[in-house]
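Visitor: Pasting a structure below so you can have a look.
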Amino acid sequence: MSIETCPLSIADIQFELAEIHEIAVSNSNKKMFEKALSCIDLTTLNPIDTVSSVAAFTEKVNQFPVAFPGISNVAAICVYPNMAHTVKSTLKVLNVKIAAVAGGFPSSMTFTKLKIEEAQLAVMAGANEIDIVMPLWAFLEGHFETCTSEISAIKKAIGDAHLKVILETGVLNVDQIWQASILAIEAGADFIKTSTGKLPQAATPEAAFVMCLAIKQHFEETGKKIGFKPAGGIVTPEDAIFYLTIVREILGDAWLTPELFRIGASRLANNLLEKITGVPAKHF
C-alpha cells in the first residue's frame with residue numbers, strides 16, 4: 001500500500017470546522033439531542049466490571065423504554081469480550097446491539113492468532129459488533145501490509161458481525177489519520193473509530209473531519225457506506241452535536257443513523273437525557 005496524504009491541510013480543516021461549529025450551535029435542539037442519544041454505544045470498560053455490575057448496566061437499557069417513552073434507546077452496549085454473554089442473557093429490548101472490544105484491546109499488543117480467536121469467541125458469546133485497535137506498533141513503522149492482513153483476517157473470522165477499527169487518532173498527525181482511515185476501510189472495516197478512550201488523547205473534531213473525508217472518498221469510488229464512530233472524552237451534549245454536524249456536513253443525513261454513526265460514551269447519555277427532558281437525569 002502506498003503512502004497517502006490528506007487532501008486538506010490542518011489549516012484548511014480548522015477553517016472548515018469553524019464554520020461547521022457555527023452550524024452545530026444553531027442546530028442544537030431537542031431533535032438533535034435525541035438523534036445523538038440513539039447513536040450511543042453505551043460503554044462500560046472498567047477493570048472492576050463484574051457479571052453483576054454488567055447485568056445491572058444492561059438492565060438500565062431494558063428499563064429505558066418504560067422510563068422514557070417516546071425517546072429512542074441507545075444503539076448498543078459495549079463491554080469487554082468476556083462480558084458479552086452477560087449482556088446477551090440479560091438484554092430484553094429489541095434493536096440494541098451487543099458490542100465487544102477485542103483483538104488485544106486497548107493496545108493491540110499481542111499475537112494476531114490470539115486477536116482472531118478473541119474476536120471469534122466474543123461473537124460466539126453474543127456480540128454482533130467487534131471493536132478492535134489497528135496495530136499501531138506496525139503502522140507507525142510503515143508496515144501497512146501487516147495492519148491490512150490482520151484487520152482482514154479478523155473481519156473474515158467474525159462473519160456477519162460488524163467490525164469497528166480503532167485508529168487511536170490522538171497519537172497520529174493529519175496525514176497518518178488519513179492513511180490509517182484508507183487502510184482500515186480497504187482492509188474490510190465496517191466502521192472506523194477514533195479512539196479507545198484509554199489514552200489522554202482521544203477524539204478530536206480534526207480527526208473526525210479527516211476520517212469522514214476518507215469515508216466520503218470511498219463512497220464516491222465504490223458506492224459502499226462505511227460507518228464512523230468518535231469515542232473518548234465526549235461528555236457534553238454540545239460536543240455530541242458538533243460531531244453529528246461534522247458527519248452531516250461531510251457525508252449527509254444518510255449517515256445520521258445508528259447503522260452508520262455511533263458515539264462511544266459512558267457519561268454522555270445522562271447529559272443528553274437532561275437536555276431532552278429538561279430535568280436532571282441519572283438513569284444510566
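Ordering of the C-alpha cells sets the chain letters (A, B, ...); residue numbers start at 1 within each chain; ligands are numbered from 1 in the order shown.
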Mind dumping a table of every segment 109-227 of chain A residue within 9 Å of segment 255-264 of chain A, with the nearest atom pair and its distance in Å to one decimal, using only C-alpha atoms, sorted by chain and rising number, as a tab-separated table?

Guide:
residue	atom	partner	partner_atom	distance
A:Asp190	CA	A:Leu260	CA	8.7
A:Phe191	CA	A:Leu260	CA	7.5
A:Lys193	CA	A:Arg262	CA	8.9
A:Ser195	CA	A:Gly264	CA	8.9
A:Thr196	CA	A:Gly264	CA	8.9
A:Gly197	CA	A:Gly264	CA	8.7
A:Lys225	CA	A:Leu260	CA	7.7
A:Ile226	CA	A:Leu260	CA	6.7
A:Gly227	CA	A:Leu260	CA	4.0

Visitor: Save the residues we just selected, C-alpha atoms, as a PDB file, in the first residue's frame?

Guide:
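Output file result-v5.pdb follows:
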ATOM      1  CA  ASP A 190     -17.460  -1.647   8.578  1.00  0.00           C
ATOM      2  CA  PHE A 191     -16.769   1.347  10.854  1.00  0.00           C
ATOM      3  CA  LYS A 193     -13.411   4.759  15.115  1.00  0.00           C
ATOM      4  CA  SER A 195     -10.014   6.277  19.927  1.00  0.00           C
ATOM      5  CA  THR A 196     -10.026   3.693  22.691  1.00  0.00           C
ATOM      6  CA  GLY A 197     -10.580   6.291  25.390  1.00  0.00           C
ATOM      7  CA  LYS A 225     -21.069   3.286   3.004  1.00  0.00           C
ATOM      8  CA  ILE A 226     -18.641   2.918   5.914  1.00  0.00           C
ATOM      9  CA  GLY A 227     -19.676   3.956   9.418  1.00  0.00           C
TER      10      GLY A 227
END

Visitor: Once you count only C-alpha atoms, what closest atom pair and distance in Å to one decimal does each residue of segment 59-119 of chain A within 12 Å of segment 10-34 of chain A have, with rows by chain and rising residue number, as a tab-separated table?

Guide:
residue	atom	partner	partner_atom	distance
A:Phe68	CA	A:Glu34	CA	11.5
A:Gly70	CA	A:Glu34	CA	10.2
A:Ile71	CA	A:Glu34	CA	7.0
A:Ser72	CA	A:Glu34	CA	7.1
A:Asn73	CA	A:Glu34	CA	9.2
A:Val74	CA	A:Glu34	CA	9.8
A:Ala75	CA	A:Glu34	CA	11.8

Visitor: Save the residues we just selected, C-alpha atoms, as a tab-separated table (two decimals), in the first residue's frame?

Guide:
chain	number	residue	atom	x	y	z
A	68	PHE	CA	-38.61	7.43	28.82
A	70	GLY	CA	-41.22	8.05	23.03
A	71	ILE	CA	-37.43	8.51	23.20
A	72	SER	CA	-35.24	6.14	21.20
A	73	ASN	CA	-32.96	3.85	23.22
A	74	VAL	CA	-29.18	3.72	22.85
A	75	ALA	CA	-27.75	1.91	19.83

Visitor: Excluding His85 of chain A and residues on its chain fewer than 2 positions from it, collect all residues at most 10 Å away from it, counting only C-alpha atoms, and give them as a PDB file with N, CA and C atoms, in the first residue's frame.

Guide:
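The resulting file, part_22.pdb, is shown below:
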ATOM      1  N   VAL A  51     -19.834  -9.617  36.526  1.00  0.00           N
ATOM      2  CA  VAL A  51     -21.065 -10.125  35.915  1.00  0.00           C
ATOM      3  C   VAL A  51     -22.274  -9.382  36.479  1.00  0.00           C
ATOM      4  N   ALA A  55     -24.653  -6.891  34.304  1.00  0.00           N
ATOM      5  CA  ALA A  55     -26.079  -7.236  34.210  1.00  0.00           C
ATOM      6  C   ALA A  55     -26.933  -6.047  34.652  1.00  0.00           C
ATOM      7  N   PRO A  81     -14.936  -8.573  26.083  1.00  0.00           N
ATOM      8  CA  PRO A  81     -15.456  -9.779  25.411  1.00  0.00           C
ATOM      9  C   PRO A  81     -16.002 -10.844  26.360  1.00  0.00           C
ATOM     10  N   ASN A  82     -15.406 -10.978  27.540  1.00  0.00           N
ATOM     11  CA  ASN A  82     -15.901 -11.994  28.465  1.00  0.00           C
ATOM     12  C   ASN A  82     -17.224 -11.613  29.114  1.00  0.00           C
ATOM     13  N   MET A  83     -17.690 -10.382  28.860  1.00  0.00           N
ATOM     14  CA  MET A  83     -18.974  -9.936  29.392  1.00  0.00           C
ATOM     15  C   MET A  83     -20.073  -9.921  28.326  1.00  0.00           C
ATOM     16  N   VAL A  87     -24.358  -9.668  28.799  1.00  0.00           N
ATOM     17  CA  VAL A  87     -25.259  -8.726  28.145  1.00  0.00           C
ATOM     18  C   VAL A  87     -26.320  -9.480  27.355  1.00  0.00           C
ATOM     19  N   LYS A  88     -25.911 -10.487  26.598  1.00  0.00           N
ATOM     20  CA  LYS A  88     -26.870 -11.233  25.773  1.00  0.00           C
ATOM     21  C   LYS A  88     -27.947 -11.895  26.622  1.00  0.00           C
ATOM     22  N   SER A  89     -27.560 -12.475  27.742  1.00  0.00           N
ATOM     23  CA  SER A  89     -28.530 -13.188  28.579  1.00  0.00           C
ATOM     24  C   SER A  89     -29.432 -12.248  29.364  1.00  0.00           C
ATOM     25  N   THR A  90     -29.017 -10.978  29.493  1.00  0.00           N
ATOM     26  CA  THR A  90     -29.788 -10.005  30.271  1.00  0.00           C
ATOM     27  C   THR A  90     -30.624  -9.093  29.388  1.00  0.00           C
ATOM     28  N   LEU A  91     -30.143  -8.795  28.204  1.00  0.00           N
ATOM     29  CA  LEU A  91     -30.784  -7.813  27.320  1.00  0.00           C
ATOM     30  C   LEU A  91     -32.134  -8.332  26.818  1.00  0.00           C
ATOM     31  N   ILE A  98     -25.035  -5.647  20.654  1.00  0.00           N
ATOM     32  CA  ILE A  98     -24.037  -6.012  21.657  1.00  0.00           C
ATOM     33  C   ILE A  98     -22.662  -5.871  21.020  1.00  0.00           C
ATOM     34  N   ALA A 122     -15.832 -13.753  21.216  1.00  0.00           N
ATOM     35  CA  ALA A 122     -16.777 -12.699  21.593  1.00  0.00           C
ATOM     36  C   ALA A 122     -18.066 -12.818  20.783  1.00  0.00           C
ATOM     37  N   VAL A 123     -17.940 -13.127  19.504  1.00  0.00           N
ATOM     38  CA  VAL A 123     -19.132 -13.318  18.667  1.00  0.00           C
ATOM     39  C   VAL A 123     -19.906 -14.544  19.123  1.00  0.00           C
ATOM     40  N   MET A 124     -19.210 -15.616  19.427  1.00  0.00           N
ATOM     41  CA  MET A 124     -19.866 -16.829  19.925  1.00  0.00           C
ATOM     42  C   MET A 124     -20.587 -16.555  21.239  1.00  0.00           C
ATOM     43  N   ALA A 125     -20.064 -15.628  22.037  1.00  0.00           N
ATOM     44  CA  ALA A 125     -20.674 -15.298  23.322  1.00  0.00           C
ATOM     45  C   ALA A 125     -21.866 -14.356  23.183  1.00  0.00           C
ATOM     46  N   GLY A 126     -22.078 -13.817  21.990  1.00  0.00           N
ATOM     47  CA  GLY A 126     -23.272 -12.990  21.788  1.00  0.00           C
ATOM     48  C   GLY A 126     -23.042 -11.642  21.145  1.00  0.00           C
ATOM     49  N   ALA A 127     -21.785 -11.235  20.947  1.00  0.00           N
ATOM     50  CA  ALA A 127     -21.528  -9.934  20.335  1.00  0.00           C
ATOM     51  C   ALA A 127     -21.863  -9.960  18.849  1.00  0.00           C
TER      52      ALA A 127
END

Visitor: With only C-alpha atoms as the basis for distance, which of A:Tyr243, A:Gly252, A:Thr236, A:Asn173 is at the shortest distance from Glu274 of chain A?

Guide: A:Thr236

Visitor: Quick one: pick out all helix (DSSP H, G or I) residues within segment 58-90 of chain A from a backbone DSSP run and write them as a list in words.

Guide: Thr58, Glu59, Lys60, Val61, Asn62, Gln63, Phe64, Pro65, Val66, Ala67, Pro81, Asn82, Met83, Ala84, His85, Thr86, Val87, Lys88, Ser89 and Thr90 of chain A

Visitor: Write the residues you've just listed into a file as a tab-separated table (two decimals), in the first residue's frame, and include C-alpha atoms for each of them.

Guide:
chain	number	residue	atom	x	y	z
A	58	THR	CA	-27.82	-3.85	30.87
A	59	GLU	CA	-30.99	-3.67	32.95
A	60	LYS	CA	-30.88	0.11	32.71
A	61	VAL	CA	-31.16	-0.27	28.94
A	62	ASN	CA	-34.05	-2.71	29.41
A	63	GLN	CA	-35.86	-0.21	31.63
A	64	PHE	CA	-35.29	2.76	29.34
A	65	PRO	CA	-38.44	2.43	27.16
A	66	VAL	CA	-40.64	2.45	30.27
A	67	ALA	CA	-38.79	5.27	31.96
A	81	PRO	CA	-15.46	-9.78	25.41
A	82	ASN	CA	-15.90	-11.99	28.46
A	83	MET	CA	-18.97	-9.94	29.39
A	84	ALA	CA	-20.74	-10.30	26.02
A	85	HIS	CA	-22.65	-13.36	27.24
A	86	THR	CA	-23.83	-11.48	30.32
A	87	VAL	CA	-25.26	-8.73	28.14
A	88	LYS	CA	-26.87	-11.23	25.77
A	89	SER	CA	-28.53	-13.19	28.58
A	90	THR	CA	-29.79	-10.01	30.27

Visitor: Using only C-alpha atoms, which residues sit within 10 Å of Leu114 of chain A once same-chain residues fewer than 6 positions away are excluded, as a list in words?

Guide: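 So, after excluding close chain neighbours, the residues are Ala102, Gly103, Gly104 and Gln120 of chain A.
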
Visitor: Using only C-alpha atoms, find the one residue out of A:Trp137, A:Phe144, A:Tyr80, A:Trp178 that sits nearest to Leu121 of chain A.

Guide: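 Closest residue, counting only C-alpha atoms: A:Tyr80.
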
Visitor: Determine the nearest neighbour of Ala269 of chain A from the options A:Phe284, A:Phe57, A:Phe111, A:Phe105, counting only C-alpha atoms.

Guide: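 Of the candidates, the smallest distance to Ala269 of chain A is held by A:Phe284.
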
Visitor: Can you work out the spacing between atom CA of Asp41 of chain A and atom CA of Leu268 of chain A in Å, to one decimal?

Guide: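 About the pair atom CA of Asp41 of chain A and atom CA of Leu268 of chain A: they are 10.1 Å apart.
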
Visitor: Compile the contact shell of segment 208-224 of chain A as a PyMOL selection string: residues with an atom at most 8 Å away, counting only C-alpha atoms, same-chain residues fewer than 2 positions apart removed.

Guide: chain A and resi 6+13+17+174+177-178+181-182+185+192+194+203-206+226-228+230+243+246-247+250-251

Visitor: Selected residues, C-alpha atoms, written as a JSON list (two decimals), in the first residue's frame, please.

Guide:
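That gives us out-v7.json:
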[["chain", "number", "residue", "atom", "x", "y", "z"],
["A", 6, "CYS", "CA", -4.66, 14.10, 3.43],
["A", 13, "ILE", "CA", -9.55, 21.64, 8.13],
["A", 17, "LEU", "CA", -14.52, 23.17, 11.28],
["A", 174, "VAL", "CA", -3.45, 14.52, 9.93],
["A", 177, "ILE", "CA", -5.12, 9.68, 10.21],
["A", 178, "TRP", "CA", -5.94, 9.85, 6.51],
["A", 181, "SER", "CA", -8.57, 5.54, 7.58],
["A", 182, "ILE", "CA", -7.98, 4.44, 3.98],
["A", 185, "ILE", "CA", -11.57, 0.79, 5.10],
["A", 192, "ILE", "CA", -13.71, 3.41, 11.58],
["A", 194, "THR", "CA", -11.22, 7.50, 16.56],
["A", 203, "ALA", "CA", -11.44, 12.09, 19.81],
["A", 204, "THR", "CA", -10.97, 15.49, 18.17],
["A", 205, "PRO", "CA", -13.05, 17.32, 15.57],
["A", 206, "GLU", "CA", -9.98, 17.44, 13.30],
["A", 226, "ILE", "CA", -18.64, 2.92, 5.91],
["A", 227, "GLY", "CA", -19.68, 3.96, 9.42],
["A", 228, "PHE", "CA", -17.93, 6.45, 11.68],
["A", 230, "PRO", "CA", -15.95, 9.17, 17.53],
["A", 243, "TYR", "CA", -19.66, 15.52, 15.83],
["A", 246, "ILE", "CA", -19.42, 17.18, 11.07],
["A", 247, "VAL", "CA", -20.85, 13.90, 9.80],
["A", 250, "ILE", "CA", -19.44, 15.95, 5.01],
["A", 251, "LEU", "CA", -21.43, 12.76, 4.47]]

Visitor: Out of A:His283, A:His143, A:Lys164, A:Arg267, which residue has the shortest atom-to-atom distance to Glu129 of chain A when counting only C-alpha atoms?

Guide: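 Once distances to Glu129 of chain A are computed over only C-alpha atoms, the minimum belongs to A:Lys164.
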
Visitor: If we count only C-alpha atoms and set the cut-off at 12 Å, which residues sit around Lys198 of chain A, ignoring sequence neighbours fewer than 3 positions away in its own chain? Please answer as JSON, numbers by chain.

Guide: {"A": [45, 46, 47, 105, 106, 107, 133, 166, 168, 169, 170, 171, 194, 195, 201, 202, 203, 231, 232, 233]}

Visitor: Would you mind telling me which residue in A:Ile241, A:Glu150, A:Leu199, A:Leu167 lies nearest to Leu37 of chain A when using only C-alpha atoms?

Guide: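 Among A:Ile241, A:Glu150, A:Leu199, A:Leu167, it is A:Ile241 that comes nearest to Leu37 of chain A.
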
Visitor: Of the residues A:Leu172, A:Ile234, A:Cys147, A:Ala265, which is the one nearest to Ala76 of chain A, using only C-alpha atoms?

Guide: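 Counting only C-alpha atoms, the residue closest to Ala76 of chain A is A:Ala265.
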